[in-house]
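Listing of input11.csv, CSV, C-alpha atoms and all ligand atoms
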```
chain,number,residue,atom,x,y,z
P,284,MET,CA,17.2,16.4,6.1
P,285,SER,CA,19.2,13.3,6.8
P,286,ALA,CA,21.6,11.7,4.2
P,287,THR,CA,21.1,8.3,5.7
P,288,ARG,CA,20.3,5.8,3.1
P,289,LEU,CA,16.6,4.8,3.0
P,290,PRO,CA,16.0,1.1,3.4
P,291,ALA,CA,14.7,-0.7,0.3
P,292,LEU,CA,11.1,-2.0,0.0
P,293,PRO,CA,10.7,-5.7,0.1
P,294,ALA,CA,10.7,-7.2,-3.4
P,295,PHE,CA,7.1,-8.3,-4.0
P,296,ARG,CA,5.8,-9.4,-7.4
P,297,SER,CA,2.3,-8.1,-7.4
P,298,ARG,CA,1.5,-4.7,-8.9
P,299,VAL,CA,-1.8,-4.6,-7.0
P,300,VAL,CA,-1.8,-3.8,-3.3
P,301,PRO,CA,-4.9,-4.6,-1.3
P,302,VAL,CA,-5.7,-1.9,1.2
P,303,VAL,CA,-7.4,-3.8,4.1
P,304,VAL,CA,-9.4,-2.8,7.1
P,305,ILE,CA,-9.6,-5.7,9.6
P,306,ASP,CA,-12.2,-5.7,12.3
P,307,ASP,CA,-11.5,-9.1,13.6
P,308,ALA,CA,-7.8,-10.1,13.8
P,309,ARG,CA,-8.8,-13.8,13.4
P,310,THR,CA,-9.7,-13.1,9.7
P,311,ALA,CA,-6.2,-11.8,8.9
P,312,VAL,CA,-4.4,-15.0,8.3
P,313,PRO,CA,-7.0,-16.7,6.1
P,314,LEU,CA,-7.4,-13.4,4.2
P,315,ALA,CA,-3.6,-13.2,3.5
P,316,GLN,CA,-3.7,-16.9,2.4
P,317,ALA,CA,-6.6,-16.2,0.1
P,318,LEU,CA,-4.8,-13.2,-1.5
P,319,LEU,CA,-1.7,-15.3,-2.1
P,320,GLU,CA,-3.8,-18.0,-3.7
P,321,GLY,CA,-5.0,-15.3,-6.1
P,322,GLY,CA,-1.5,-14.3,-7.0
P,323,ILE,CA,-1.1,-11.3,-4.7
P,324,ASP,CA,2.0,-11.4,-2.5
P,325,VAL,CA,1.7,-7.9,-0.9
P,326,MET,CA,-1.0,-6.4,1.4
P,327,GLU,CA,-1.5,-3.2,3.4
P,328,ILE,CA,-3.2,-3.6,6.8
P,329,THR,CA,-4.4,-0.2,7.8
P,330,LEU,CA,-4.3,1.2,11.3
P,331,ARG,CA,-8.0,2.0,11.0
P,332,SER,CA,-9.3,-0.5,13.5
P,333,ASP,CA,-8.5,-1.7,17.0
P,334,ALA,CA,-7.6,-5.1,15.5
P,335,ALA,CA,-5.0,-3.8,13.1
P,336,LEU,CA,-1.8,-4.4,15.2
P,337,ASP,CA,-3.0,-7.9,16.2
P,338,ALA,CA,-3.8,-8.6,12.5
P,339,ILE,CA,-0.3,-7.5,11.4
P,340,GLU,CA,1.3,-9.6,14.1
P,341,ALA,CA,-0.8,-12.7,13.1
P,342,VAL,CA,0.1,-12.4,9.4
P,343,ALA,CA,3.7,-11.6,10.0
P,344,ARG,CA,4.0,-14.8,12.1
P,345,ALA,CA,1.9,-17.2,10.1
P,346,VAL,CA,2.2,-16.1,6.4
P,347,PRO,CA,5.9,-15.2,5.8
P,348,ALA,CA,5.3,-15.3,2.0
P,349,MET,CA,3.1,-12.2,2.3
P,350,HIS,CA,5.0,-8.9,2.0
P,351,LEU,CA,3.2,-7.1,4.7
P,352,GLY,CA,2.9,-3.4,5.0
P,353,ALA,CA,1.2,-1.3,7.6
P,354,GLY,CA,-1.0,1.4,6.2
P,355,THR,CA,-2.6,4.6,7.5
P,356,VAL,CA,0.6,5.3,9.5
P,357,THR,CA,0.0,9.0,10.2
P,358,ARG,CA,1.9,9.6,13.5
P,359,ALA,CA,5.5,9.0,14.4
P,360,ALA,CA,4.3,7.0,17.4
P,361,ASP,CA,2.7,4.5,15.0
P,362,VAL,CA,6.1,3.5,13.6
P,363,PRO,CA,7.6,1.5,16.5
P,364,ARG,CA,4.2,-0.2,17.0
P,365,VAL,CA,4.0,-1.5,13.5
P,366,VAL,CA,7.6,-2.5,13.5
P,367,ASP,CA,7.1,-4.5,16.7
P,368,ALA,CA,4.0,-6.1,15.2
P,369,GLY,CA,6.1,-7.3,12.2
P,370,ALA,CA,5.3,-5.0,9.3
P,371,ARG,CA,8.0,-5.0,6.7
P,372,PHE,CA,7.2,-1.5,5.4
P,373,ALA,CA,4.7,1.3,6.0
P,374,LEU,CA,2.5,3.6,3.9
P,375,SER,CA,0.8,6.8,4.8
P,376,PRO,CA,-1.8,9.0,3.2
P,377,GLY,CA,0.7,11.9,3.7
P,378,CYS,CA,4.2,12.8,4.8
P,379,THR,CA,5.4,14.8,7.8
P,380,ASP,CA,8.9,15.5,9.0
P,381,ALA,CA,8.2,13.6,12.2
P,382,LEU,CA,7.1,10.5,10.3
P,383,VAL,CA,10.1,10.6,8.1
P,384,ASP,CA,12.4,10.9,11.2
P,385,ALA,CA,10.6,7.9,12.8
P,386,VAL,CA,10.8,5.6,9.8
P,387,ARG,CA,14.5,6.5,9.3
P,388,ALA,CA,15.2,5.8,13.0
P,389,ALA,CA,13.4,2.5,12.8
P,390,GLY,CA,15.0,1.5,9.4
P,391,LEU,CA,11.5,0.9,8.1
P,392,PRO,CA,10.9,1.2,4.3
P,393,PHE,CA,8.2,3.8,3.8
P,394,ILE,CA,5.9,5.0,1.0
P,395,PRO,CA,4.8,8.6,1.8
P,396,GLY,CA,1.5,9.9,0.6
P,397,VAL,CA,1.3,12.9,-1.8
P,398,MET,CA,-1.3,14.8,-3.8
P,399,THR,CA,0.4,17.9,-5.2
P,400,PRO,CA,3.6,18.7,-7.1
P,401,GLY,CA,5.0,20.5,-4.1
P,402,GLU,CA,4.3,17.4,-1.9
P,403,VAL,CA,6.0,15.1,-4.5
P,404,MET,CA,9.0,17.4,-4.5
P,405,ARG,CA,9.2,17.6,-0.7
P,406,ALA,CA,9.0,13.8,-0.4
P,407,ARG,CA,11.6,13.4,-3.1
P,408,GLU,CA,13.9,15.8,-1.1
P,409,HIS,CA,13.6,13.2,1.7
P,410,GLY,CA,14.8,10.6,-0.7
P,411,PHE,CA,11.5,8.9,-1.5
P,412,LEU,CA,11.3,8.0,-5.2
P,413,LEU,CA,8.2,5.8,-4.8
P,414,GLN,CA,5.2,7.7,-3.4
P,415,LYS,CA,1.6,7.0,-2.8
P,416,LEU,CA,-0.8,9.3,-4.7
P,417,PHE,CA,-3.8,9.6,-2.4
P,418,PRO,CA,-6.7,10.0,-3.0
P,419,ALA,CA,-5.8,9.2,-6.6
P,420,VAL,CA,-9.1,9.4,-8.4
P,421,GLN,CA,-10.4,12.3,-6.4
P,422,ALA,CA,-7.2,14.2,-7.0
P,423,GLY,CA,-7.3,13.8,-10.8
P,424,GLY,CA,-6.6,10.2,-11.5
P,425,ALA,CA,-4.6,9.0,-14.5
P,426,ALA,CA,-4.6,12.5,-16.0
P,427,LEU,CA,-2.9,13.9,-12.9
P,428,LEU,CA,-0.2,11.2,-13.0
P,429,LYS,CA,0.5,11.9,-16.7
P,430,ALA,CA,0.8,15.6,-15.9
P,431,LEU,CA,3.2,14.9,-13.0
P,432,ALA,CA,5.4,12.7,-15.2
P,433,ALA,CA,6.6,15.7,-17.3
P,434,PRO,CA,8.2,17.8,-14.6
P,435,LEU,CA,8.9,15.0,-12.2
P,436,PRO,CA,10.0,12.0,-14.3
P,437,ASP,CA,12.1,10.3,-11.7
P,438,VAL,CA,9.2,9.7,-9.2
P,439,ARG,CA,7.1,6.6,-9.4
P,440,PHE,CA,3.7,6.3,-7.8
P,441,CYS,CA,1.3,3.8,-6.1
P,442,PRO,CA,-2.1,5.5,-6.7
P,443,THR,CA,-4.8,4.5,-4.2
P,444,GLY,CA,-8.2,5.9,-3.5
P,445,GLY,CA,-11.1,5.3,-5.8
P,446,LEU,CA,-9.5,2.5,-7.8
P,447,THR,CA,-11.7,-0.3,-9.2
P,448,PRO,CA,-11.1,-3.2,-11.6
P,449,ASP,CA,-12.6,-0.8,-14.3
P,450,ASN,CA,-10.0,1.9,-13.9
P,451,LEU,CA,-7.1,-0.2,-12.7
P,452,PRO,CA,-5.6,-0.9,-16.2
P,453,SER,CA,-5.6,2.8,-17.1
P,454,PHE,CA,-3.3,3.4,-14.0
P,455,LEU,CA,-1.1,0.4,-14.4
P,456,ALA,CA,-0.4,1.3,-18.0
P,457,LEU,CA,1.3,4.6,-17.0
P,458,PRO,CA,5.1,4.5,-17.0
P,459,ASN,CA,5.3,6.4,-13.7
P,460,VAL,CA,2.9,3.9,-11.9
P,461,ALA,CA,4.8,1.2,-10.2
P,462,MET,CA,1.8,-0.4,-8.5
P,463,ALA,CA,-1.8,0.5,-7.5
P,464,GLY,CA,-3.8,-0.1,-4.4
P,465,GLY,CA,-7.3,-0.3,-3.2
P,466,SER,CA,-9.9,-1.7,-0.9
P,467,TRP,CA,-12.1,-3.3,-3.6
P,468,LEU,CA,-10.2,-6.6,-3.3
P,469,THR,CA,-11.2,-7.1,0.3
P,470,PRO,CA,-14.9,-6.1,0.8
P,471,ALA,CA,-16.0,-5.9,4.4
P,472,ASP,CA,-18.9,-8.3,3.8
P,473,ALA,CA,-16.6,-11.0,2.4
P,474,LEU,CA,-14.3,-10.7,5.4
P,475,ALA,CA,-17.2,-10.8,7.8
P,476,ALA,CA,-18.6,-13.9,6.1
P,477,GLY,CA,-15.2,-15.6,5.8
P,478,ASP,CA,-15.8,-15.8,2.0
P,479,TRP,CA,-12.2,-16.5,1.1
P,480,SER,CA,-13.0,-17.9,-2.3
P,481,ARG,CA,-14.5,-14.6,-3.3
P,482,ILE,CA,-11.3,-12.8,-2.1
P,483,THR,CA,-9.2,-15.2,-4.2
P,484,ARG,CA,-11.4,-14.6,-7.2
P,485,LEU,CA,-11.0,-10.8,-6.8
P,486,ALA,CA,-7.3,-11.2,-6.4
P,487,ARG,CA,-7.0,-13.4,-9.5
P,488,GLU,CA,-9.0,-10.9,-11.5
P,489,ALA,CA,-6.8,-8.1,-10.4
P,490,THR,CA,-3.6,-10.1,-11.1
P,491,ALA,CA,-4.9,-10.9,-14.6
P,492,LEU,CA,-5.7,-7.2,-15.2
P,493,SER,CA,-2.2,-6.2,-14.0
P,494,ARG,CA,-0.5,-8.7,-16.3
P,495,SER,CA,-2.4,-7.4,-19.4
P,496,ALA,CA,-1.9,-3.7,-18.5
P,501,LIG,C1,-6.1,4.0,1.0
P,501,LIG,O1,-5.9,4.3,2.1
P,501,LIG,O2,-5.3,3.7,0.2
P,501,LIG,C2,-7.5,4.2,0.5
P,501,LIG,O3,-8.4,4.4,1.5
P,501,LIG,C3,-8.0,3.1,-0.4
P,501,LIG,O4,-9.1,3.8,-1.1
P,501,LIG,P1,-10.3,3.0,-1.7
P,501,LIG,O5,-11.1,2.5,-0.5
P,501,LIG,O6,-11.1,4.0,-2.5
P,501,LIG,O7,-9.8,1.8,-2.5
```
Show me the file's structure as structure tokens.
Amino acid sequence: MSATRLPALPAFRSRVVPVVVIDDARTAVPLAQALLEGGIDVMEITLRSDAALDAIEAVARAVPAMHLGAGTVTRAADVPRVVDAGARFALSPGCTDALVDAVRAAGLPFIPGVMTPGEVMRAREHGFLLQKLFPAVQAGGAALLKALAAPLPDVRFCPTGGLTPDNLPSFLALPNVAMAGGSWLTPADALAAGDWSRITRLAREATALSRSA
């Protein structure tokens, strides 16, 4: 375990993090602009498609106001690739020693994924006090987060997996939830159709929900 200080996450305002799968890198920039228009200044482009690295590169270059994270970073070898593409931080559904070594070596802010108390404790030992609870709803949802707060009060979470506008407020209202993420903001059919006004509408709705939570 290294004592090296972990780099801080970029300071974004939004408490809602869109989790995006991009099949055509040309959609990435208008998508990022549509999210910004709806009040969301952070996004996670997942490494779940061949277009992901090109999409990250395009947004990093053209939309500097967007705090851009690379998601689904599951292997150490992904880390230099997302850094080269211009990601400002990374998220993972889990946490391995090799990944932690790689993000430290790259100086890349990182949100490790966890699902059990032991995983939370292990990620905390590595110095991560903000962790992604994944898959949040399937693992126990808001009740699980409340239960984790008692023994592990110093850890804050970004729950993702199964979140919707209906259950978002119940997550954001929890004191140990820093932000919440999900794919509902960027439906595949809206991306394919270039329906940016629908994305902006979904972003506005989520922004309003996060302000009233
Ligand atoms: C993630 O990687 O955070 C999840 O796949 C998002 O889950 P959702 O599609 O249920 O929002």
Do you know which residues lie at most 6 Å from (9.7, 3.9, 16.7), with coordinates as in the file and only C-alpha atoms counted, and could you write them as number ranges by chain? P: 362-363, 385, 389
Could you please take those selected residues and save C-alpha atoms as a compact mmCIF listing (two decimals), in the frame of the given file?
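The resulting selection.txt:
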```txt
# COMPACT_ATOMS: atom_id res chain seq x y z
CA VAL P 362 6.10 3.50 13.60
CA PRO P 363 7.60 1.50 16.50
CA ALA P 385 10.60 7.90 12.80
CA ALA P 389 13.40 2.50 12.80
```
In Å, with one decimal, what is the gap from atom CA of P:Phe372 to atom CA of P:Val299?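 These atoms are spaced 15.6 Å apart.
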Of the candidates P:Val303, P:Val403, P:Ala359, P:Ala491, which shows the shortest atom-to-atom distance to P:Leu391, using only C-alpha atoms?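 Result for the nearest residue to P:Leu391: P:Ala359.
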Can you tell me, as a list in words, what residues are no more than 7 Å from P:Gly390 when counting all atoms listed in the file, ignoring any on the same chain fewer than 3 positions away? Pro290, Val386 and Arg387 of chain P
Would you export the selected residues with C-alpha atoms as a PDB file, in the frame of the given file, please?
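Saved as selection-v2.pdb:
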```pdb
ATOM      1  CA  PRO P 290      16.000   1.100   3.400  1.00  0.00           C
ATOM      2  CA  VAL P 386      10.800   5.600   9.800  1.00  0.00           C
ATOM      3  CA  ARG P 387      14.500   6.500   9.300  1.00  0.00           C
TER       4      ARG P 387
END
```
Each residue of chain P with at least one atom at most 8 Å from ligand LIG 501 (chain P) should appear once, together with its nearest atom pair and the corresponding distance in Å (one decimal); atoms considered: all atoms listed in the file; ordering: chain, then increasing residue number; output as a Markdown table.
```
| residue | atom | partner | partner_atom | distance |
| --- | --- | --- | --- | --- |
| P:Val302 | CA | P:LIG501 | O2 | 5.7 |
| P:Thr329 | CA | P:LIG501 | O1 | 7.4 |
| P:Gly354 | CA | P:LIG501 | O1 | 7.0 |
| P:Thr355 | CA | P:LIG501 | O1 | 6.3 |
| P:Ser375 | CA | P:LIG501 | O1 | 7.6 |
| P:Pro376 | CA | P:LIG501 | O1 | 6.3 |
| P:Phe417 | CA | P:LIG501 | O2 | 6.6 |
| P:Pro418 | CA | P:LIG501 | C2 | 6.8 |
| P:Pro442 | CA | P:LIG501 | O2 | 7.8 |
| P:Thr443 | CA | P:LIG501 | O2 | 4.5 |
| P:Gly444 | CA | P:LIG501 | O4 | 3.3 |
| P:Gly445 | CA | P:LIG501 | O6 | 3.5 |
| P:Leu446 | CA | P:LIG501 | O7 | 5.4 |
| P:Thr447 | CA | P:LIG501 | O7 | 7.3 |
| P:Gly464 | CA | P:LIG501 | O2 | 6.2 |
| P:Gly465 | CA | P:LIG501 | O7 | 3.3 |
| P:Ser466 | CA | P:LIG501 | O7 | 3.8 |
| P:Trp467 | CA | P:LIG501 | O7 | 5.7 |
```
